[in-house]
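What follows is model-v3.txt (compact mmCIF, C-alpha atoms).
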# COMPACT_ATOMS: atom_id res chain seq x y z
CA MET A 1 -57.53 33.79 143.24
CA ALA A 2 -57.65 35.62 146.56
CA THR A 3 -60.78 37.52 145.50
CA VAL A 4 -62.51 34.27 144.58
CA LEU A 5 -61.60 32.76 147.95
CA VAL A 6 -63.02 35.78 149.79
CA LEU A 7 -66.28 35.66 147.81
CA ILE A 8 -66.74 31.92 148.26
CA SER A 9 -65.94 32.19 151.97
CA ALA A 10 -68.49 34.97 152.43
CA ILE A 11 -71.18 33.03 150.57
CA LEU A 12 -70.55 29.82 152.51
CA SER A 13 -70.46 31.64 155.84
CA VAL A 14 -73.88 33.18 155.19
CA ALA A 15 -75.57 30.33 153.33
CA PHE A 16 -74.33 27.52 155.60
CA PRO A 17 -72.98 29.14 158.79
CA LEU A 18 -73.11 25.99 160.93
CA ALA A 19 -71.55 23.75 158.28
CA THR A 20 -68.87 26.31 157.47
CA TYR A 21 -68.01 26.91 161.11
CA THR A 22 -67.80 23.25 162.09
CA PHE A 23 -65.96 22.11 158.96
CA THR A 24 -63.33 24.87 158.96
CA LEU A 25 -62.69 24.52 162.69
CA ALA A 26 -62.32 20.74 162.52
CA THR A 27 -60.22 20.79 159.34
CA PHE A 28 -58.03 23.85 159.73
CA GLY A 29 -58.25 24.82 163.41
CA LEU A 30 -55.26 22.99 164.82
CA THR A 31 -53.26 23.43 161.61
CA HIS A 32 -53.63 27.19 161.89
CA VAL A 33 -52.72 27.20 165.61
CA LEU A 34 -49.51 25.22 165.09
CA THR A 35 -48.58 27.21 161.99
CA GLU A 36 -49.13 30.51 163.77
CA LEU A 37 -47.11 29.44 166.83
CA HIS A 38 -44.31 28.29 164.53
CA TYR A 39 -44.30 31.63 162.73
CA VAL A 40 -44.33 33.64 165.97
CA ASN A 41 -41.44 31.62 167.39
CA ASN A 42 -39.42 31.84 164.18
CA ARG A 43 -39.92 35.55 163.62
CA PHE A 44 -40.02 37.03 167.10
CA SER A 45 -38.10 34.77 169.50
CA GLN A 46 -34.78 36.48 168.79
CA ARG A 47 -36.25 39.83 169.84
CA LEU A 48 -37.10 38.55 173.33
CA GLY A 49 -34.71 38.45 176.22
CA ASN A 50 -34.38 35.16 178.07
CA ASP A 51 -35.95 36.54 181.24
CA LEU A 52 -38.97 37.97 179.44
CA ARG A 53 -39.42 34.78 177.43
CA LEU A 54 -39.41 32.75 180.65
CA ARG A 55 -42.02 34.96 182.30
CA ILE A 56 -44.27 34.87 179.26
CA ASN A 57 -44.06 31.06 179.20
CA GLN A 58 -44.93 30.91 182.89
CA LEU A 59 -48.10 32.91 182.35
CA LEU A 60 -49.01 30.79 179.33
CA LEU A 61 -48.66 27.66 181.48
CA LEU A 62 -51.03 29.20 184.00
CA ILE A 63 -53.51 29.88 181.20
CA ILE A 64 -53.26 26.24 180.10
CA CYS A 65 -53.93 25.14 183.69
CA PHE A 66 -56.96 27.39 184.12
CA ARG A 67 -58.43 26.41 180.74
CA SER A 68 -57.80 22.71 181.43
CA LEU A 69 -59.49 22.90 184.83
CA GLN A 70 -62.50 24.46 183.13
CA VAL A 71 -62.61 21.90 180.31
CA PHE A 72 -62.48 18.95 182.69
CA GLY A 73 -65.15 20.44 184.92
CA LEU A 74 -62.96 21.02 187.96
CA VAL A 75 -63.74 24.75 188.16
CA SER A 76 -66.62 26.77 186.78
CA THR A 77 -66.29 29.33 184.01
CA TRP A 78 -67.05 32.21 186.36
CA VAL A 79 -63.79 31.34 188.13
CA SER A 80 -61.58 30.22 185.24
CA ILE A 81 -62.37 33.02 182.78
CA PRO A 82 -61.43 35.92 185.12
CA LEU A 83 -58.26 34.06 186.10
CA GLU A 84 -57.36 33.48 182.46
CA LEU A 85 -57.98 37.11 181.55
CA SER A 86 -55.92 38.19 184.57
CA CYS A 87 -53.02 36.27 183.05
CA VAL A 88 -53.58 38.15 179.79
CA ILE A 89 -53.27 41.41 181.74
CA GLY A 90 -50.05 39.99 183.15
CA LEU A 91 -48.74 39.32 179.64
CA VAL A 92 -49.38 42.92 178.63
CA ALA A 93 -47.91 44.20 181.90
CA LEU A 94 -44.71 42.22 181.27
CA VAL A 95 -43.95 44.06 178.05
CA THR A 96 -45.21 47.49 179.14
CA PRO A 97 -41.86 48.54 180.72
CA VAL A 98 -40.16 47.79 177.40
CA LEU A 99 -42.76 49.89 175.59
CA VAL A 100 -42.36 52.78 178.06
CA LYS A 101 -38.59 52.95 177.65
CA LYS A 102 -38.81 52.75 173.89
CA ASP A 103 -41.59 55.33 173.45
CA TRP A 104 -43.82 56.79 176.17
CA ARG A 105 -46.79 56.66 173.78
CA LEU A 106 -46.35 52.91 173.42
CA GLY A 107 -46.21 52.72 177.20
CA ILE A 108 -49.55 54.50 177.44
CA LEU A 109 -50.96 51.98 174.95
CA GLY A 110 -49.83 49.08 177.15
CA ILE A 111 -51.20 50.67 180.32
CA ALA A 112 -54.50 51.52 178.62
CA LEU A 113 -54.86 47.95 177.37
CA CYS A 114 -54.30 46.60 180.89
CA ALA A 115 -56.93 49.00 182.23
CA ILE A 116 -59.45 48.06 179.54
CA LEU A 117 -58.98 44.36 180.24
CA ALA A 118 -59.33 44.93 183.99
CA VAL A 119 -62.60 46.83 183.47
CA GLY A 120 -63.77 44.05 181.16
CA ILE A 121 -63.15 41.42 183.83
CA PHE A 122 -65.19 43.30 186.42
CA TRP A 123 -67.90 44.32 183.97
CA SER A 124 -68.41 40.96 182.24
CA ALA A 125 -65.53 38.51 181.97
CA THR A 126 -67.45 36.22 179.63
CA LEU A 127 -68.43 39.03 177.27
CA THR A 128 -64.83 40.30 177.29
CA LEU A 129 -63.55 36.83 176.39
CA LEU A 130 -66.03 36.54 173.51
CA LEU A 131 -65.07 39.98 172.21
CA LEU A 132 -61.38 39.09 172.31
CA ALA A 133 -62.13 35.79 170.55
CA VAL A 134 -63.71 37.68 167.66
CA LEU A 135 -61.01 40.37 167.57
CA HIS A 136 -58.32 37.69 167.54
CA ASN A 137 -59.36 36.88 163.99
CA ILE A 138 -57.91 40.19 162.78
CA THR A 139 -54.43 39.57 164.25
CA PRO A 140 -53.09 38.56 160.79
CA VAL A 141 -53.45 42.24 159.90
CA GLY A 142 -50.90 42.99 162.61
CA PHE A 143 -48.48 40.40 161.23
CA ILE A 144 -48.91 41.81 157.73
CA ALA A 145 -48.28 45.37 158.92
CA GLU A 146 -45.22 44.22 160.86
CA LYS A 147 -43.72 42.32 157.94
CA LEU A 148 -44.35 44.56 154.92
CA ARG A 149 -43.07 48.06 154.21
CA GLY A 150 -43.88 51.00 151.94
CA ARG A 151 -46.34 50.76 149.10
CA GLN A 152 -46.61 46.99 149.45
CA ARG A 153 -47.86 47.38 153.02
CA ASN A 154 -50.30 50.13 152.02
CA TYR A 155 -51.86 47.93 149.36
CA ALA A 156 -51.98 44.96 151.73
CA LEU A 157 -53.65 46.98 154.49
CA LEU A 158 -56.19 48.33 152.01
CA ALA A 159 -57.04 44.76 151.04
CA CYS A 160 -57.22 43.83 154.73
CA SER A 161 -59.66 46.68 155.41
CA ILE A 162 -61.95 45.24 152.75
CA VAL A 163 -61.66 41.64 153.90
CA PHE A 164 -61.65 42.13 157.67
CA ILE A 165 -63.93 45.18 157.96
CA LEU A 166 -66.06 45.90 154.89
CA VAL A 167 -67.13 42.34 154.05
CA PRO A 168 -68.09 41.47 157.67
CA LEU A 169 -70.15 44.69 157.83
CA VAL A 170 -71.97 43.70 154.64
CA ILE A 171 -72.68 40.29 156.16
CA ILE A 172 -73.95 41.83 159.43
CA SER A 173 -76.23 44.14 157.45
CA GLY A 174 -78.12 41.09 156.20
CA LEU A 175 -77.94 42.10 152.55
CA LEU A 176 -76.04 38.99 151.48
CA ASP A 177 -78.41 36.78 153.48
CA GLN A 178 -81.42 38.37 151.80
CA PHE A 179 -79.96 37.77 148.36
CA LEU A 180 -78.97 34.15 149.04
CA SER A 181 -82.33 33.44 150.70
CA SER A 182 -84.14 34.80 147.65
CA ILE A 183 -82.51 32.13 145.50
CA GLY A 184 -82.93 29.38 148.08
CA LEU A 185 -79.28 28.92 149.07
CA VAL A 186 -79.53 29.44 152.83
CA ASP A 187 -79.67 26.40 155.13
CA LEU A 188 -78.98 27.12 158.80
CA LYS A 189 -79.24 23.45 159.79
CA ALA A 190 -76.77 22.00 157.30
CA SER A 191 -73.68 20.44 158.90
CA LEU A 192 -71.10 17.81 158.00
CA PHE A 193 -70.59 16.86 161.65
CA PRO A 194 -72.93 15.56 164.36
CA ALA A 195 -72.50 18.83 166.22
CA GLY A 196 -76.08 19.68 167.14
CA GLY A 197 -78.04 22.68 165.95
CA LEU A 198 -76.78 26.19 165.37
CA GLU A 199 -78.12 27.27 168.77
CA PHE A 200 -75.47 25.12 170.46
CA HIS A 201 -72.67 27.12 168.79
CA LEU A 202 -73.88 30.71 168.85
CA GLY A 203 -72.20 31.18 172.23
CA VAL A 204 -68.77 30.77 170.64
CA PHE A 205 -69.06 34.29 169.23
CA ILE A 206 -72.37 35.76 170.48
CA PRO A 207 -73.09 36.54 174.18
CA PRO A 208 -76.27 34.97 175.61
CA GLN A 209 -78.04 38.33 176.00
CA LEU A 210 -77.76 38.95 172.26
CA GLN A 211 -78.67 35.51 170.94
CA ASN A 212 -82.36 36.27 170.47
CA GLN A 213 -81.85 39.41 168.41
CA ALA A 214 -82.62 39.74 164.70
CA ILE A 215 -78.95 40.39 164.01
CA THR A 216 -77.75 37.24 165.80
CA ILE A 217 -77.38 34.94 162.78
CA HIS A 218 -75.84 37.70 160.68
CA ALA A 219 -73.28 38.47 163.41
CA PHE A 220 -72.45 34.78 163.78
CA SER A 221 -71.98 34.45 160.00
CA ALA A 222 -69.67 37.48 160.01
CA ALA A 223 -67.59 35.94 162.81
CA VAL A 224 -67.41 32.65 160.90
CA PHE A 225 -66.20 34.54 157.82
CA LEU A 226 -63.54 36.34 159.87
CA GLN A 227 -62.36 33.02 161.27
CA PHE A 228 -62.24 31.59 157.74
CA MET A 229 -60.08 34.50 156.56
CA HIS A 230 -57.89 34.22 159.63
CA TYR A 231 -57.17 30.58 158.77
CA ALA A 232 -56.52 31.46 155.12
CA VAL A 233 -53.89 34.11 155.93
CA VAL A 234 -52.17 32.08 158.64
CA ILE A 235 -51.95 28.87 156.63
CA GLY A 236 -51.58 30.35 153.16
CA VAL A 237 -49.41 33.43 153.74
CA LEU A 238 -47.39 33.32 156.97
CA PRO A 239 -45.34 30.17 156.12
CA LYS A 240 -44.04 31.96 153.01
CA TRP A 241 -42.54 34.62 155.29
CA GLU A 242 -40.65 32.19 157.51
CA ASN A 243 -36.92 32.73 157.99
CA PRO A 244 -35.47 30.58 155.15
CA HIS A 245 -32.62 29.15 157.26
CA GLN A 246 -34.76 28.21 160.25
CA TYR A 247 -37.57 26.95 158.04
CA LYS A 248 -35.18 24.66 156.17
CA ILE A 249 -34.07 23.10 159.46
CA THR A 250 -37.62 22.27 160.61
CA ASN A 251 -39.27 21.86 157.21
CA SER A 252 -38.74 18.09 157.04
CA PHE A 253 -40.39 17.45 160.41
CA PHE A 254 -42.86 20.21 161.23
CA PRO A 255 -45.37 19.74 158.35
CA TRP A 256 -45.68 16.04 159.13
CA LEU A 257 -46.25 16.80 162.80
CA VAL A 258 -48.97 19.27 161.89
CA VAL A 259 -50.68 16.79 159.57
CA PHE A 260 -50.52 14.00 162.16
CA LEU A 261 -51.89 16.04 165.07
CA SER A 262 -54.52 17.76 162.94
CA THR A 263 -55.73 14.41 161.64
CA LEU A 264 -56.03 13.05 165.18
CA LEU A 265 -58.07 16.04 166.28
CA PHE A 266 -60.22 15.88 163.13
CA VAL A 267 -61.14 12.31 164.05
CA GLY A 268 -61.96 13.59 167.53
CA PHE A 269 -64.31 16.18 166.02
CA THR A 270 -66.15 13.46 164.09
CA VAL A 271 -66.65 11.47 167.31
CA SER A 272 -67.63 14.33 169.62
CA PHE A 273 -67.47 17.83 168.22
CA ILE A 274 -68.14 19.59 171.53
CA ASN A 275 -65.49 17.66 173.47
CA ALA A 276 -62.90 18.00 170.70
CA ARG A 277 -63.57 21.74 170.53
CA ALA A 278 -63.01 22.03 174.28
CA VAL A 279 -59.62 20.30 174.00
CA TYR A 280 -58.74 22.41 170.98
CA GLY A 281 -59.60 25.50 173.02
CA ILE A 282 -56.77 24.75 175.46
CA ILE A 283 -54.19 24.87 172.67
CA ALA A 284 -55.87 27.76 170.89
CA ALA A 285 -55.78 29.88 174.05
CA VAL A 286 -51.98 29.76 174.05
CA HIS A 287 -51.60 31.00 170.50
CA ALA A 288 -54.29 33.65 170.92
CA TRP A 289 -52.92 35.22 174.10
CA VAL A 290 -49.22 35.08 173.26
CA GLU A 291 -49.83 37.21 170.17
CA ILE A 292 -50.92 40.21 172.25
CA PRO A 293 -47.54 40.87 173.93
CA ILE A 294 -45.69 39.77 170.79
CA LEU A 295 -47.43 42.30 168.57
CA LEU A 296 -46.95 45.00 171.20
CA LEU A 297 -43.23 44.22 171.35
CA ALA A 298 -43.07 44.33 167.55
CA LEU A 299 -44.01 48.01 167.80
CA ALA A 300 -41.02 48.66 170.06
CA ILE A 301 -38.50 46.27 168.54
CA PRO A 302 -38.83 46.19 164.74
CA GLU A 303 -37.34 43.56 162.48
CA LYS A 304 -33.53 43.64 162.15
CA SER A 305 -33.27 45.74 165.32
CA LYS A 306 -30.12 44.95 167.28
CA MET A 307 -31.83 45.73 170.55
CA ASN A 308 -33.42 43.09 172.70
CA CYS A 309 -35.82 43.40 175.60
CA GLU A 310 -33.11 43.00 178.21
CA SER A 311 -30.99 45.82 176.80
CA ILE A 312 -33.99 48.12 176.58
CA SER A 313 -35.14 47.40 180.11
CA SER A 314 -31.67 47.75 181.63

Represent the structure from my file as structure tokens, please.
Amino acid sequence: MATVLVLISAILSVAFPLATYTFTLATFGLTHVLTELHYVNNRFSQRLGNDLRLRINQLLLLIICFRSLQVFGLVSTWVSIPLELSCVIGLVALVTPVLVKKDWRLGILGIALCAILAVGIFWSATLTLLLLAVLHNITPVGFIAEKLRGRQRNYALLACSIVFILVPLVIISGLLDQFLSSIGLVDLKASLFPAGGLEFHLGVFIPPQLQNQAITIHAFSAAVFLQFMHYAVVIGVLPKWENPHQYKITNSFFPWLVVFLSTLLFVGFTVSFINARAVYGIIAAVHAWVEIPILLLALAIPEKSKMNCESISS
């Protein structure tokens, strides 16, 4: 079943990249965000100290403010994007002391990540944001590696390397596009939403300076496939790993909330895809950026560890 889903997703992403991108985002985008946030809170909140949790939330609120100001046209992207990425550096910096005291090598990882992000802001903040947006789609691999152990994890990571690395490389190579084009299955204009042409959406994953290259459509299709797989893992796998006790408490309410909010946003996408995507981006930014410090902390504080961030940093 999983193999069939991967194959169909790859074919749709290459044959109908615009239709696949717009439909999956409108249908599953908010559902995946809320599901992922629920999973992160359920699985990792007990590993955070109250002080660290508060500081992380403060930076996330700043990110919401900066993204909202951009969406409503109150500040330009050349101002909001560096500020948003600066908050991401702050999120990594918050957990770096915990990493240092747990293992100096993890501390170096945190410091290096801060340095890379800082260079990215000064080099090209927009390009850095796009790169992180694409890389975010492989974060389910981190959750899988954190959850599973032994041979089960090895098999899962092997499957992930095929899905999240090999298949996208095949798509970027253009081989799948050539095959589908030869049998007349490629339609770059097809879309189920009044979202405009493909050229209006390339910038979601492809920087402007690369949008006129021969590889542009292939790279966009690969990013669409990665996003498709990201949604599939988050919605189809992560809920099965929820803490049974906590999930039972929220199970009667949370799914209905997700359905209600996702339906509202889906209607918004049918009315104005661009505007709905901008609003969705505010919420999506929270779930994307919070996962960076969370996954870093997971390296220092494994599951069932009795330590918390406050005890480590004391």

Q. Of the residues A:Glu84, A:Leu176, A:Leu94, A:Ala26, which is the one nearest to Ile274 (chain A), using only C-alpha atoms?
A.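 Going through A:Glu84, A:Leu176, A:Leu94, A:Ala26 one by one, the smallest distance to Ile274 (chain A) is for A:Ala26.
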
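Compared by their closest atoms to Gln70 (chain A), and using only C-alpha atoms, the residues A:Leu226, A:Leu106, A:Val279, A:Ile217 rank with A:Val279 nearest.
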
Q) Between A:Ile11, A:Ala2, A:Ala112, A:Ile172, which has the minimum distance to Ala214 (chain A) (counting all atoms listed in the file)? A) A:Ile172

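Here CA of Leu37 (chain A) stands at a distance of 12.7 Å from CA of Leu60 (chain A).
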
**Q.** Nearby residues (all atoms listed in the file) at most 8 Å from region 12-21 of chain A, same-chain spacing under 2 positions excluded, as a ChimeraX atom specification
**A.** /A:8-10,23-25,171,176-177,180-181,185-193,197-198,201,218,220-222,224-225

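Taking only C-alpha atoms, the non-local environment of Arg105 (chain A) within 12 Å (same-chain residues fewer than 5 positions away omitted) comprises Thr96, Pro97, Val98, Leu99, Val100, Gly110, Ile111, Ala112, Leu296, Leu299 and Ala300 of chain A.
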
File dump, residues just selected, C-alpha atoms, as a PDB file, in the coordinates of the input:
ATOM      1  CA  THR A  96     -45.210  47.490 179.140  1.00  0.00           C
ATOM      2  CA  PRO A  97     -41.860  48.540 180.720  1.00  0.00           C
ATOM      3  CA  VAL A  98     -40.160  47.790 177.400  1.00  0.00           C
ATOM      4  CA  LEU A  99     -42.760  49.890 175.590  1.00  0.00           C
ATOM      5  CA  VAL A 100     -42.360  52.780 178.060  1.00  0.00           C
ATOM      6  CA  GLY A 110     -49.830  49.080 177.150  1.00  0.00           C
ATOM      7  CA  ILE A 111     -51.200  50.670 180.320  1.00  0.00           C
ATOM      8  CA  ALA A 112     -54.500  51.520 178.620  1.00  0.00           C
ATOM      9  CA  LEU A 296     -46.950  45.000 171.200  1.00  0.00           C
ATOM     10  CA  LEU A 299     -44.010  48.010 167.800  1.00  0.00           C
ATOM     11  CA  ALA A 300     -41.020  48.660 170.060  1.00  0.00           C
TER      12      ALA A 300
END

Q. Contacts of region 138-147 of chain A at 12 Å or less, counting only C-alpha atoms, minus same-chain residues fewer than 6 places along, as a ChimeraX atom specification?
A. /A:32,36,39-40,43-44,131-132,153-165,168,223,225-243,287-304

Q: For Phe122 (chain A), list every protein, DNA or RNA residue within 12 Å, evaluated using only C-alpha atoms, and leave out those in the same chain fewer than 3 positions away; present the list as a list in words.
A: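 Surrounding residues, per the criterion: Trp78, Ile81, Pro82, Leu83, Leu85, Ser86, Ala115, Ile116, Leu117, Ala118, Val119, Ala125, Thr126, Leu127 and Thr128 of chain A.
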
Q) Can you list, as a list in words, every protein, DNA or RNA residue that comes within 12 Å of Arg55 (chain A) when you count only C-alpha atoms, leaving out same-chain residues fewer than 4 positions away? A)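 Near neighbours after the sequence-gap exclusion: Leu48, Gly49, Asn50, Asp51, Leu59, Leu60, Leu61, Leu62, Cys87, Gly90, Leu91, Val92, Ala93, Leu94, Val95, Val290 and Pro293 of chain A.
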
(Q) Would you compute the distance between CA of Ser173 (chain A) and CA of Asn212 (chain A)? Give it in Å to one decimal. (A) 16.4 Å

Q. Could you work out how far CA of Ala219 (chain A) lies from CA of Ile282 (chain A), giving the answer in Å with one decimal?
A.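 A separation of 24.6 Å between them.
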